[in-house]
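Pasted below: data_31.cif, mmCIF, C-alpha atoms.
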```cif
data_coords
#
loop_
_atom_site.label_atom_id
_atom_site.label_comp_id
_atom_site.auth_asym_id
_atom_site.auth_seq_id
_atom_site.Cartn_x
_atom_site.Cartn_y
_atom_site.Cartn_z
CA MET S 1 0.00 0.00 0.00
CA LYS S 2 2.80 2.34 0.84
CA LEU S 3 4.41 1.62 -2.55
CA LYS S 4 1.12 2.32 -4.39
CA THR S 5 0.63 5.53 -2.43
CA CYS S 6 4.19 6.60 -3.23
CA LEU S 7 3.69 5.85 -6.94
CA ARG S 8 0.42 7.78 -6.98
CA THR S 9 2.16 10.72 -5.32
CA LEU S 10 5.04 10.65 -7.81
CA ILE S 11 2.68 10.35 -10.78
CA GLY S 12 0.57 13.22 -9.45
CA ALA S 13 3.63 15.38 -8.96
CA ALA S 14 4.86 14.59 -12.47
CA LEU S 15 1.49 15.48 -13.95
CA THR S 16 1.48 18.74 -11.99
CA VAL S 17 4.95 19.65 -13.28
CA ALA S 18 3.93 18.71 -16.82
CA ALA S 19 0.79 20.82 -16.58
CA PHE S 20 2.76 23.75 -15.15
CA THR S 21 5.35 23.44 -17.93
CA ALA S 22 2.60 23.31 -20.53
CA THR S 23 1.00 26.40 -19.01
CA LEU S 24 4.30 28.28 -19.19
CA THR S 25 4.74 27.22 -22.82
CA VAL S 26 1.26 28.42 -23.74
CA GLN S 27 1.81 31.70 -21.90
CA ALA S 28 5.12 32.22 -23.72
CA ALA S 29 3.48 31.44 -27.04
CA GLU S 30 0.70 33.93 -26.37
CA THR S 31 2.97 36.97 -26.00
CA VAL S 32 5.24 38.89 -28.32
CA LYS S 33 8.14 40.89 -26.90
CA VAL S 34 8.35 44.53 -28.00
CA GLY S 35 11.29 46.77 -27.13
CA VAL S 36 11.12 50.34 -25.78
CA LEU S 37 14.40 52.24 -26.25
CA HIS S 38 14.01 55.70 -24.71
CA SER S 39 16.08 57.76 -22.27
CA LEU S 40 14.42 57.77 -18.86
CA SER S 41 17.31 59.69 -17.29
CA GLY S 42 19.80 62.35 -18.39
CA THR S 43 19.29 65.48 -20.47
CA MET S 44 16.76 63.90 -22.89
CA ALA S 45 14.48 62.42 -20.22
CA ILE S 46 12.41 65.64 -20.35
CA SER S 47 11.27 64.55 -23.81
CA GLU S 48 11.61 60.77 -23.96
CA THR S 49 9.92 59.63 -20.74
CA SER S 50 6.48 60.48 -22.11
CA LEU S 51 7.17 58.43 -25.23
CA LYS S 52 7.72 55.41 -23.00
CA ASP S 53 4.42 56.19 -21.28
CA VAL S 54 2.42 56.52 -24.49
CA LEU S 55 3.89 53.27 -25.82
CA LEU S 56 2.75 51.41 -22.70
CA PHE S 57 -0.68 53.04 -23.08
CA THR S 58 -0.82 51.86 -26.70
CA PHE S 59 0.22 48.33 -25.77
CA ASP S 60 -2.60 48.31 -23.23
CA GLU S 61 -5.07 49.55 -25.90
CA ILE S 62 -4.03 46.82 -28.30
CA ASN S 63 -3.94 44.04 -25.72
CA LYS S 64 -7.45 44.91 -24.53
CA ALA S 65 -8.61 44.61 -28.15
CA GLY S 66 -7.09 41.14 -28.58
CA GLY S 67 -3.42 41.85 -29.11
CA VAL S 68 -1.41 41.45 -32.31
CA SER S 69 -2.46 38.35 -34.27
CA GLY S 70 -3.86 37.02 -31.00
CA LYS S 71 -0.63 37.57 -29.03
CA MET S 72 -0.38 39.96 -26.09
CA ILE S 73 2.34 42.61 -26.32
CA GLU S 74 4.98 42.13 -23.62
CA PRO S 75 7.05 45.33 -23.16
CA VAL S 76 10.81 45.15 -22.64
CA ILE S 77 11.97 48.58 -21.44
CA VAL S 78 15.59 49.73 -21.26
CA ASP S 79 17.10 53.09 -20.28
CA PRO S 80 20.00 54.28 -22.47
CA ALA S 81 20.22 57.32 -20.16
CA SER S 82 20.89 59.98 -22.85
CA ASN S 83 24.21 58.21 -23.50
CA TRP S 84 24.67 57.70 -27.23
CA PRO S 85 27.06 54.67 -27.13
CA LEU S 86 24.78 53.09 -24.50
CA PHE S 87 21.91 53.26 -27.01
CA ALA S 88 23.81 50.81 -29.22
CA GLU S 89 24.47 48.46 -26.28
CA LYS S 90 20.80 48.51 -25.24
CA ALA S 91 19.68 47.93 -28.83
CA GLU S 92 21.95 44.88 -29.01
CA GLN S 93 20.46 43.63 -25.75
CA LEU S 94 16.90 44.01 -26.99
CA LEU S 95 17.55 42.24 -30.30
CA ALA S 96 20.11 39.56 -29.38
CA LYS S 97 19.23 38.72 -25.78
CA ASP S 98 15.58 39.68 -25.31
CA LYS S 99 14.62 38.64 -28.86
CA VAL S 100 12.07 41.43 -29.35
CA ALA S 101 10.03 41.46 -32.55
CA VAL S 102 10.28 45.23 -32.97
CA VAL S 103 11.71 48.28 -31.15
CA PHE S 104 10.12 51.71 -30.70
CA GLY S 105 12.59 54.35 -29.62
CA CYS S 106 15.31 57.03 -29.90
CA TRP S 107 14.82 60.79 -29.95
CA THR S 108 18.01 62.46 -31.12
CA SER S 109 19.52 61.64 -34.49
CA VAL S 110 22.83 60.80 -32.84
CA SER S 111 21.07 58.08 -30.82
CA ARG S 112 19.39 56.77 -33.97
CA LYS S 113 22.66 56.71 -35.88
CA SER S 114 24.28 54.94 -32.92
CA VAL S 115 21.81 52.06 -33.09
CA LEU S 116 21.40 51.90 -36.89
CA PRO S 117 24.37 49.54 -37.49
CA VAL S 118 23.05 47.22 -34.77
CA PHE S 119 19.60 46.99 -36.36
CA GLU S 120 21.10 46.40 -39.79
CA ARG S 121 23.55 43.75 -38.58
CA LEU S 122 20.92 41.84 -36.58
CA ASN S 123 18.08 42.60 -39.02
CA GLY S 124 15.94 44.24 -36.35
CA LEU S 125 13.09 46.68 -36.88
CA LEU S 126 13.06 50.19 -35.38
CA PHE S 127 10.25 52.76 -35.46
CA TYR S 128 11.68 56.27 -35.02
CA PRO S 129 9.06 58.87 -33.91
CA VAL S 130 10.86 62.23 -33.84
CA GLN S 131 11.50 64.94 -36.44
CA TYR S 132 14.88 64.61 -38.12
CA GLU S 133 17.19 65.92 -40.81
CA GLY S 134 16.64 63.34 -43.56
CA GLU S 135 19.62 62.20 -45.64
CA GLU S 136 19.09 58.62 -44.43
CA LEU S 137 17.17 55.56 -45.54
CA SER S 138 17.67 52.20 -43.83
CA LYS S 139 15.68 49.08 -44.60
CA ASN S 140 15.58 48.43 -40.85
CA ILE S 141 14.11 51.78 -39.78
CA PHE S 142 10.66 53.29 -40.33
CA TYR S 143 10.59 57.07 -39.80
CA THR S 144 7.11 58.09 -38.62
CA ALA S 145 7.99 61.71 -37.79
CA GLU S 146 8.53 64.96 -39.66
CA ALA S 147 11.22 65.21 -42.33
CA VAL S 148 12.71 68.66 -43.02
CA ASN S 149 10.13 69.51 -45.66
CA GLN S 150 7.31 68.65 -43.24
CA GLN S 151 8.51 70.93 -40.44
CA ALA S 152 11.51 73.19 -41.07
CA ILE S 153 10.55 74.35 -44.56
CA PRO S 154 6.88 75.13 -43.68
CA SER S 155 8.14 77.07 -40.64
CA VAL S 156 10.53 79.18 -42.70
CA ASP S 157 7.81 79.78 -45.29
CA TYR S 158 5.53 80.97 -42.51
CA MET S 159 8.16 83.39 -41.20
CA LEU S 160 8.83 84.70 -44.70
CA ALA S 161 5.08 85.26 -45.13
CA GLU S 162 5.12 87.22 -41.85
CA GLY S 163 7.70 89.55 -43.36
CA LYS S 164 10.81 88.21 -41.63
CA LYS S 165 14.06 88.99 -43.43
CA LYS S 166 16.72 87.88 -40.92
CA PHE S 167 17.12 84.33 -39.55
CA TYR S 168 19.12 83.28 -36.50
CA LEU S 169 19.65 79.51 -36.64
CA LEU S 170 20.29 78.20 -33.12
CA GLY S 171 20.70 74.52 -32.38
CA SER S 172 22.21 71.81 -30.23
CA ASP S 173 25.56 70.63 -31.56
CA TYR S 174 24.83 67.35 -33.32
CA VAL S 175 23.77 65.98 -36.67
CA TYR S 176 20.05 66.92 -36.75
CA PRO S 177 20.45 70.70 -36.18
CA ARG S 178 23.55 70.98 -38.36
CA THR S 179 22.06 69.12 -41.31
CA THR S 180 18.69 70.85 -40.99
CA ASN S 181 20.34 74.27 -40.90
CA LYS S 182 22.51 73.40 -43.90
CA ILE S 183 19.30 72.72 -45.80
CA LEU S 184 17.60 75.85 -44.44
CA LYS S 185 20.50 78.12 -45.37
CA GLN S 186 20.32 76.90 -48.95
CA TYR S 187 16.54 77.26 -48.95
CA LEU S 188 16.71 80.80 -47.53
CA LYS S 189 19.23 81.79 -50.21
CA SER S 190 16.83 80.47 -52.85
CA LYS S 191 14.25 82.85 -51.35
CA GLY S 192 16.56 85.86 -51.66
CA ILE S 193 17.91 86.00 -48.07
CA PRO S 194 21.64 86.96 -48.18
CA ASP S 195 24.33 85.31 -46.01
CA SER S 196 24.67 88.54 -44.02
CA ASP S 197 21.12 88.09 -42.71
CA ILE S 198 21.65 84.49 -41.58
CA GLU S 199 23.49 83.53 -38.37
CA GLU S 200 24.23 79.96 -37.32
CA ILE S 201 25.19 79.03 -33.73
CA TYR S 202 25.39 75.70 -31.82
CA THR S 203 25.61 74.77 -28.15
CA PRO S 204 26.39 71.42 -26.46
CA PHE S 205 23.68 69.26 -24.89
CA GLY S 206 22.74 70.52 -21.43
CA HIS S 207 24.19 74.00 -22.08
CA THR S 208 23.06 76.52 -19.44
CA ASP S 209 24.76 79.88 -20.08
CA TYR S 210 22.95 81.73 -22.87
CA GLN S 211 23.85 85.29 -21.88
CA THR S 212 26.34 85.86 -24.71
CA ILE S 213 24.18 84.17 -27.35
CA VAL S 214 21.02 86.04 -26.36
CA ALA S 215 22.95 89.33 -26.39
CA ALA S 216 24.01 88.49 -29.96
CA ILE S 217 20.40 87.68 -30.91
CA LYS S 218 19.25 91.01 -29.44
CA LYS S 219 21.81 92.88 -31.52
CA PHE S 220 20.94 90.80 -34.61
CA SER S 221 17.24 91.61 -34.25
CA ALA S 222 17.58 95.28 -33.29
CA ALA S 223 16.64 96.55 -36.76
CA GLY S 224 13.50 94.39 -36.81
CA LYS S 225 12.15 91.70 -39.13
CA ALA S 226 14.25 88.98 -37.43
CA CYS S 227 13.37 85.58 -36.00
CA VAL S 228 15.06 82.59 -34.38
CA ILE S 229 14.80 79.09 -35.84
CA SER S 230 15.57 76.80 -32.89
CA THR S 231 16.72 73.21 -33.03
CA LEU S 232 17.77 73.17 -29.37
CA ASN S 233 17.02 69.78 -27.81
CA GLY S 234 16.36 68.73 -24.24
CA ASP S 235 16.48 70.69 -21.00
CA THR S 236 18.80 73.36 -22.45
CA ASN S 237 15.62 75.11 -23.63
CA VAL S 238 14.87 76.15 -20.04
CA PRO S 239 17.86 78.51 -19.55
CA PHE S 240 17.63 79.72 -23.16
CA PHE S 241 14.06 80.97 -22.91
CA LYS S 242 14.61 82.42 -19.44
CA GLU S 243 17.60 84.44 -20.68
CA PHE S 244 15.71 85.39 -23.85
CA ALA S 245 12.85 86.85 -21.79
CA ASN S 246 15.21 88.52 -19.30
CA ALA S 247 16.86 90.36 -22.19
CA GLY S 248 13.54 91.92 -23.17
CA LEU S 249 13.11 89.80 -26.27
CA THR S 250 9.58 88.65 -27.03
CA SER S 251 7.55 87.00 -29.77
CA GLU S 252 6.67 90.51 -30.97
CA ASN S 253 10.22 91.77 -31.57
CA CYS S 254 11.92 88.42 -32.34
CA PRO S 255 9.70 85.31 -32.52
CA VAL S 256 11.23 81.87 -31.96
CA VAL S 257 10.09 78.85 -33.96
CA SER S 258 11.12 75.67 -32.13
CA PHE S 259 11.29 72.23 -33.70
CA SER S 260 11.89 70.21 -30.54
CA ILE S 261 9.47 71.79 -28.07
CA SER S 262 6.01 70.29 -27.96
CA GLU S 263 3.20 70.41 -25.40
CA ASP S 264 5.01 67.80 -23.32
CA GLU S 265 8.22 69.82 -22.93
CA PHE S 266 6.14 72.79 -21.73
CA ARG S 267 5.53 70.95 -18.48
CA GLY S 268 9.17 71.62 -17.61
CA LEU S 269 9.57 75.04 -19.23
CA PRO S 270 8.74 78.60 -18.03
CA ALA S 271 5.46 79.07 -19.93
CA LYS S 272 5.31 82.82 -19.31
CA ASP S 273 8.60 83.22 -21.18
CA LEU S 274 7.31 81.42 -24.28
CA VAL S 275 4.03 83.23 -24.94
CA GLY S 276 3.57 83.94 -28.64
CA HIS S 277 6.49 81.81 -29.80
CA LEU S 278 5.78 79.12 -32.37
CA GLY S 279 6.18 75.42 -33.05
CA CYS S 280 5.63 73.28 -36.11
CA TRP S 281 4.45 69.67 -35.83
CA THR S 282 2.20 67.11 -37.51
CA TYR S 283 -0.06 67.07 -34.43
CA PHE S 284 -1.24 69.33 -31.62
CA MET S 285 -3.27 68.34 -28.58
CA SER S 286 -5.84 71.03 -29.41
CA ILE S 287 -6.76 69.56 -32.81
CA LYS S 288 -10.47 68.84 -33.00
CA SER S 289 -11.31 65.42 -34.36
CA PRO S 290 -13.16 62.40 -32.94
CA GLU S 291 -9.92 60.42 -33.03
CA ASN S 292 -8.04 63.08 -31.05
CA THR S 293 -10.83 63.53 -28.50
CA LYS S 294 -10.68 59.79 -27.78
CA PHE S 295 -6.86 59.66 -27.75
CA VAL S 296 -6.52 62.53 -25.28
CA LYS S 297 -9.33 61.32 -23.03
CA ASP S 298 -8.11 57.73 -22.96
CA PHE S 299 -4.46 58.64 -22.34
CA LEU S 300 -5.25 61.10 -19.53
CA GLY S 301 -7.41 58.42 -17.94
CA TRP S 302 -4.75 55.74 -18.35
CA VAL S 303 -1.97 57.70 -16.57
CA LYS S 304 -4.11 57.75 -13.41
CA ALA S 305 -4.11 53.93 -13.27
CA PRO S 306 -1.44 52.75 -15.72
CA LYS S 307 -1.32 49.09 -16.72
CA VAL S 308 -0.70 46.78 -19.64
CA SER S 309 -3.66 44.42 -19.94
CA GLY S 310 -3.42 40.74 -20.78
CA ILE S 311 -0.03 40.04 -19.19
CA ASP S 312 1.58 39.94 -15.77
CA TYR S 313 3.36 43.30 -15.99
CA THR S 314 3.66 46.10 -13.45
CA VAL S 315 3.83 49.65 -14.83
CA SER S 316 5.89 52.06 -12.74
CA GLY S 317 7.28 55.57 -13.03
CA VAL S 318 4.24 57.18 -14.66
CA ASP S 319 3.52 60.68 -13.32
CA PRO S 320 -0.21 61.51 -13.67
CA LYS S 321 0.15 65.24 -12.93
CA GLY S 322 -0.34 67.84 -15.64
CA ARG S 323 -0.15 65.37 -18.51
CA VAL S 324 -0.62 66.34 -22.13
CA THR S 325 -0.27 64.76 -25.56
CA CYS S 326 2.10 65.91 -28.30
CA SER S 327 3.31 65.09 -31.80
CA PRO S 328 6.11 62.61 -30.93
CA MET S 329 3.64 60.80 -28.64
CA ASN S 330 1.04 60.63 -31.40
CA LEU S 331 3.64 59.41 -33.90
CA SER S 332 4.88 56.77 -31.44
CA ARG S 333 1.35 55.44 -30.99
CA MET S 334 0.62 55.42 -34.72
CA GLY S 335 3.86 53.54 -35.31
CA VAL S 336 2.66 50.71 -33.08
CA TYR S 337 -0.64 50.47 -34.94
CA LEU S 338 1.07 50.51 -38.34
CA TRP S 339 3.35 47.68 -37.18
CA LYS S 340 0.35 45.73 -35.85
CA GLN S 341 -1.48 46.09 -39.16
CA ALA S 342 1.59 44.96 -41.09
CA VAL S 343 2.10 41.91 -38.86
CA GLU S 344 -1.49 40.88 -39.39
CA LYS S 345 -1.28 41.46 -43.13
CA ALA S 346 1.92 39.43 -43.34
CA GLY S 347 0.57 36.73 -41.04
CA SER S 348 3.98 36.71 -39.37
CA PHE S 349 6.28 38.59 -36.99
CA ASP S 350 9.23 37.93 -39.34
CA VAL S 351 11.02 41.23 -39.93
CA ASP S 352 11.42 40.81 -43.69
CA LYS S 353 7.75 39.94 -44.17
CA VAL S 354 6.56 42.74 -41.87
CA ARG S 355 8.78 45.28 -43.63
CA GLU S 356 7.24 44.41 -46.98
CA ALA S 357 3.71 44.55 -45.54
CA LEU S 358 4.29 47.99 -44.00
CA ILE S 359 4.53 49.74 -47.37
CA GLY S 360 1.19 51.36 -48.18
CA GLN S 361 -0.25 50.86 -44.70
CA LYS S 362 -2.68 53.63 -43.71
CA PHE S 363 -3.87 54.70 -40.29
CA LYS S 364 -6.44 57.36 -39.44
CA GLY S 365 -4.88 59.15 -36.51
CA PRO S 366 -5.87 62.13 -34.35
CA ALA S 367 -4.53 64.64 -36.91
CA GLY S 368 -5.69 62.84 -40.05
CA GLU S 369 -4.81 59.79 -42.10
CA VAL S 370 -1.17 58.86 -42.63
CA THR S 371 0.29 56.59 -45.31
CA MET S 372 3.59 54.71 -45.20
CA GLN S 373 5.62 55.19 -48.36
CA GLU S 374 8.25 52.97 -49.97
CA ASN S 375 10.91 55.30 -48.56
CA HIS S 376 9.81 54.30 -45.02
CA HIS S 377 8.39 57.78 -44.27
CA LEU S 378 4.81 58.91 -43.70
CA ILE S 379 2.70 61.24 -45.80
CA ASN S 380 1.34 63.54 -43.11
CA ASN S 381 -0.14 66.97 -42.40
CA ALA S 382 1.96 69.80 -40.97
CA PHE S 383 0.63 72.44 -38.55
CA ILE S 384 2.05 75.61 -37.03
CA GLY S 385 0.87 76.55 -33.54
CA GLU S 386 1.39 79.45 -31.16
CA THR S 387 2.15 79.36 -27.45
CA LEU S 388 -0.64 80.64 -25.21
CA ALA S 389 -0.29 82.17 -21.77
CA SER S 390 -1.86 79.03 -20.33
CA GLY S 391 1.19 77.07 -21.43
CA PRO S 392 0.77 74.56 -24.22
CA LEU S 393 1.21 75.21 -27.89
CA CYS S 394 -2.14 75.92 -29.51
CA GLY S 395 -2.93 74.05 -32.69
CA PRO S 396 -5.25 74.92 -35.56
CA ASP S 397 -8.56 74.58 -33.77
CA ARG S 398 -7.90 76.91 -30.85
CA LYS S 399 -8.01 80.73 -30.88
CA PRO S 400 -6.52 83.26 -30.61
CA ASN S 401 -3.62 81.84 -32.57
CA ARG S 402 -1.78 81.85 -35.84
CA THR S 403 -1.72 78.48 -37.45
CA GLY S 404 -0.89 76.92 -40.73
CA HIS S 405 -0.83 73.56 -42.37
CA THR S 406 -0.06 72.09 -45.71
CA ASP S 407 -3.10 71.02 -47.70
CA PRO S 408 -3.11 68.41 -49.14
CA ALA S 409 -0.90 66.31 -46.87
CA CYS S 410 2.84 66.80 -47.24
CA ALA S 411 4.90 63.92 -48.61
CA PRO S 412 8.24 63.50 -46.82
CA SER S 413 11.56 63.95 -48.57
CA PRO S 414 14.47 62.23 -46.85
CA ARG S 415 16.67 63.40 -49.73
CA SER S 416 16.92 67.13 -49.17
CA LEU S 417 19.22 69.91 -50.36
CA ASP S 418 19.07 70.23 -54.16
CA ARG S 419 16.39 67.52 -54.32
CA PHE S 420 13.67 69.76 -52.97
CA VAL S 421 15.02 73.27 -52.60
CA GLY S 422 12.96 75.18 -55.11
CA ALA S 423 10.43 72.36 -55.33
CA CYS S 424 8.36 73.55 -52.37
CA HIS S 425 5.37 75.75 -52.96
CA GLU S 426 2.70 77.48 -50.93
CA GLY S 427 -0.04 75.38 -49.41
CA ARG S 428 -3.66 76.47 -49.47
CA ARG S 429 -5.03 78.55 -46.63
CA HIS S 430 -6.38 76.64 -43.64
CA PRO S 431 -9.93 77.90 -42.90
CA ASP S 432 -9.09 78.76 -39.27
CA ALA S 433 -5.68 80.24 -39.99
CA GLU S 434 -4.70 83.86 -39.96
CA CYS S 435 -1.88 82.95 -42.30
CA ALA S 436 -1.14 79.51 -43.69
CA ARG S 437 1.79 78.80 -45.93
CA GLY S 438 3.60 75.48 -46.04
CA GLY S 439 6.01 73.42 -48.07
CA GLN S 440 4.75 70.53 -50.12
CA VAL S 441 6.70 68.27 -52.45
CA GLU S 442 6.06 65.31 -54.65
CA PRO S 443 6.72 61.88 -53.02
CA ALA S 444 10.39 61.59 -52.25
CA VAL S 445 12.93 59.63 -54.25
CA SER S 446 14.83 57.14 -52.10
CA PRO S 447 18.57 57.71 -51.73
#
```

Same coordinates, now as structure tokens:
Amino acid sequence: MKLKTCLRTLIGAALTVAAFTATLTVQAAETVKVGVLHSLSGTMAISETSLKDVLLFTFDEINKAGGVSGKMIEPVIVDPASNWPLFAEKAEQLLAKDKVAVVFGCWTSVSRKSVLPVFERLNGLLFYPVQYEGEELSKNIFYTAEAVNQQAIPSVDYMLAEGKKKFYLLGSDYVYPRTTNKILKQYLKSKGIPDSDIEEIYTPFGHTDYQTIVAAIKKFSAAGKACVISTLNGDTNVPFFKEFANAGLTSENCPVVSFSISEDEFRGLPAKDLVGHLGCWTYFMSIKSPENTKFVKDFLGWVKAPKVSGIDYTVSGVDPKGRVTCSPMNLSRMGVYLWKQAVEKAGSFDVDKVREALIGQKFKGPAGEVTMQENHHLINNAFIGETLASGPLCGPDRKPNRTGHTDPACAPSPRSLDRFVGACHEGRRHPDAECARGGQVEPAVSP
């Protein structure tokens, strides 16, 4: 009897272990790992932390709706800490060790260029959600954000339409500002602006002393009809705008158009010092559409009780106070949905099959429908918004403001310089805009 009891116990234990193992196998088979590669510390955390948050929100949205091809998204989050070489190390970890199916991440172009060789060597897939300088096309990267002709060119056109004749190009010292300003200088010359009326200055990441630069801007703008085109990135915008305001410069005597300040960055910036200054993006929180109303409402609700449904995953580090939505957040979210659609069209998570299925994918987002082109960039709308005293940039459906957008949607051109200088033309007037002029080109030719 003791032997029979012992055998029954052993058999029962074996069955339990087998059942447990089978459960683990099923659970593993029912998830797909997705990488999140954004700086959660360092100088770029002011911008990138919210992209991590909106990605988790989107994963939760998708999981609640059944996942991707029936699999629940399992986030794998790493912090490259605003350290460009560390981005490459973390990308390698995500692809080689964690075996993620796709990665959403990077903000600065230097971080993207740091990881690009890793994605190409390991045949990974990266969705990049932030405006950039163009001059790049990788089969392993999909660029969901604004190219130069979808942000910088419309902004300059707007300033020219406002009567500006002098342009102070101020940027952080890395590839995106330098390449963008190289393109802008050539574009301004094509519009009749002489070299003597263009200044070009760069500062390192995290720079804090803007007294000398602002004094130079004040002198540059003293005769009137001047503006600043800013490609400053990260928390360096705080001391710049404080010094700018302290020097008596305002949006009336020298407006600033910023390409890396959205509603989200305003949470950490002195709003009173930015009133009247401008930004150009493919999305603003104030846009009125059913899709945007739902996006904003759902995200602001999610941050109060953040979770990722369908998996055993604890969300931490989400600050619910004063939250907003912005263009890089919207583009991050749309990137996830475009990837999901491509996976389901391909019937596979295989990178090569998904890449092929992504071409031509459309998604109706909060600011309108986007379309993925063969050059891995999106056809999108472009809007210009003005900063209000209440803080956030005001998009085309809020007044009082000056807004513009390109109509029809602007096709991206990763090949810039002589490829599109002279090819841009005025967009039609937006019905709510005081002045709307934007750049629009034919679909880009791949490099």

- Message: Report as a list in words all protein, DNA and RNA residues lying within 6 Å of region 281-286 of chain S, evaluated on all atoms listed in the file, omitting residues in the same chain fewer than 6 positions from it.
- Response: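 These residues fall inside the cut-off: Thr325, Cys326, Ser327, Ala367, Asn381, Ala382, Phe383 and Gly395 of chain S.
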
The PyMOL selection byres ((chain S and resi 32-45) around 8) applied to the shown file, residues as a compact mmCIF listing (two decimals) with C-alpha atoms, in the frame of the given file:
```
# COMPACT_ATOMS: atom_id res chain seq x y z
CA ALA S 29 3.48 31.44 -27.04
CA GLU S 30 0.70 33.93 -26.37
CA THR S 31 2.97 36.97 -26.00
CA ILE S 46 12.41 65.64 -20.35
CA SER S 47 11.27 64.55 -23.81
CA GLU S 48 11.61 60.77 -23.96
CA THR S 49 9.92 59.63 -20.74
CA LEU S 51 7.17 58.43 -25.23
CA LYS S 52 7.72 55.41 -23.00
CA LEU S 55 3.89 53.27 -25.82
CA LYS S 71 -0.63 37.57 -29.03
CA MET S 72 -0.38 39.96 -26.09
CA ILE S 73 2.34 42.61 -26.32
CA GLU S 74 4.98 42.13 -23.62
CA PRO S 75 7.05 45.33 -23.16
CA VAL S 76 10.81 45.15 -22.64
CA ILE S 77 11.97 48.58 -21.44
CA VAL S 78 15.59 49.73 -21.26
CA ASP S 79 17.10 53.09 -20.28
CA PRO S 80 20.00 54.28 -22.47
CA ALA S 81 20.22 57.32 -20.16
CA SER S 82 20.89 59.98 -22.85
CA ASN S 83 24.21 58.21 -23.50
CA PHE S 87 21.91 53.26 -27.01
CA LYS S 90 20.80 48.51 -25.24
CA ALA S 91 19.68 47.93 -28.83
CA LEU S 94 16.90 44.01 -26.99
CA ASP S 98 15.58 39.68 -25.31
CA LYS S 99 14.62 38.64 -28.86
CA VAL S 100 12.07 41.43 -29.35
CA ALA S 101 10.03 41.46 -32.55
CA VAL S 102 10.28 45.23 -32.97
CA VAL S 103 11.71 48.28 -31.15
CA PHE S 104 10.12 51.71 -30.70
CA GLY S 105 12.59 54.35 -29.62
CA CYS S 106 15.31 57.03 -29.90
CA TRP S 107 14.82 60.79 -29.95
CA PHE S 205 23.68 69.26 -24.89
CA GLY S 206 22.74 70.52 -21.43
CA ASN S 233 17.02 69.78 -27.81
CA GLY S 234 16.36 68.73 -24.24
CA ASP S 235 16.48 70.69 -21.00
```

Within 7 Å of region 113-119 of chain S, counting all atoms listed in the file, which residues show up once you throw out same-chain ones fewer than 5 positions away? Write them as a JSON list (two decimals) with C-alpha atoms, in the coordinates of the input, please.
```
[["chain", "number", "residue", "atom", "x", "y", "z"],
["S", 84, "TRP", "CA", 24.67, 57.70, -27.23],
["S", 85, "PRO", "CA", 27.06, 54.67, -27.13],
["S", 87, "PHE", "CA", 21.91, 53.26, -27.01],
["S", 88, "ALA", "CA", 23.81, 50.81, -29.22],
["S", 91, "ALA", "CA", 19.68, 47.93, -28.83],
["S", 92, "GLU", "CA", 21.95, 44.88, -29.01],
["S", 124, "GLY", "CA", 15.94, 44.24, -36.35],
["S", 125, "LEU", "CA", 13.09, 46.68, -36.88],
["S", 140, "ASN", "CA", 15.58, 48.43, -40.85]]
```

- Message: Can you spell out as a list in words the set of residues that the PyMOL selection byres ((chain S and resi 58) around 9) selects in the structure I just provided?
- Response: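 Matching residues under the PyMOL selection byres ((chain S and resi 58) around 9) are Asp53, Val54, Leu55, Leu56, Phe57, Phe59, Asp60, Glu61, Ile62, Asn63, Phe299, Val308, Ser332, Arg333, Met334, Val336 and Tyr337 of chain S.
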
Quick one: which residues end up in the PyMOL selection byres ((chain S and resi 240) around 12) for this structure, as a CSV table (one decimal) with C-alpha atoms, in the coordinates of the input?
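Once everything was written out, this is selection.csv:
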```
chain,number,residue,atom,x,y,z
S,170,LEU,CA,20.3,78.2,-33.1
S,171,GLY,CA,20.7,74.5,-32.4
S,172,SER,CA,22.2,71.8,-30.2
S,203,THR,CA,25.6,74.8,-28.2
S,206,GLY,CA,22.7,70.5,-21.4
S,207,HIS,CA,24.2,74.0,-22.1
S,208,THR,CA,23.1,76.5,-19.4
S,209,ASP,CA,24.8,79.9,-20.1
S,210,TYR,CA,23.0,81.7,-22.9
S,211,GLN,CA,23.8,85.3,-21.9
S,212,THR,CA,26.3,85.9,-24.7
S,213,ILE,CA,24.2,84.2,-27.4
S,214,VAL,CA,21.0,86.0,-26.4
S,215,ALA,CA,23.0,89.3,-26.4
S,217,ILE,CA,20.4,87.7,-30.9
S,228,VAL,CA,15.1,82.6,-34.4
S,230,SER,CA,15.6,76.8,-32.9
S,231,THR,CA,16.7,73.2,-33.0
S,232,LEU,CA,17.8,73.2,-29.4
S,233,ASN,CA,17.0,69.8,-27.8
S,234,GLY,CA,16.4,68.7,-24.2
S,235,ASP,CA,16.5,70.7,-21.0
S,236,THR,CA,18.8,73.4,-22.4
S,237,ASN,CA,15.6,75.1,-23.6
S,238,VAL,CA,14.9,76.2,-20.0
S,239,PRO,CA,17.9,78.5,-19.6
S,241,PHE,CA,14.1,81.0,-22.9
S,242,LYS,CA,14.6,82.4,-19.4
S,243,GLU,CA,17.6,84.4,-20.7
S,244,PHE,CA,15.7,85.4,-23.8
S,245,ALA,CA,12.8,86.8,-21.8
S,246,ASN,CA,15.2,88.5,-19.3
S,247,ALA,CA,16.9,90.4,-22.2
S,249,LEU,CA,13.1,89.8,-26.3
S,256,VAL,CA,11.2,81.9,-32.0
S,258,SER,CA,11.1,75.7,-32.1
S,269,LEU,CA,9.6,75.0,-19.2
S,270,PRO,CA,8.7,78.6,-18.0
S,273,ASP,CA,8.6,83.2,-21.2
S,274,LEU,CA,7.3,81.4,-24.3
```

- Item | From S:Cys254, S:Leu160, S:Leu331, S:Val324, residue lying nearest Val370 (chain S) [all atoms listed in the file] |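 Of S:Cys254, S:Leu160, S:Leu331, S:Val324, the one nearest Val370 (chain S), counting all atoms listed in the file, is S:Leu331.
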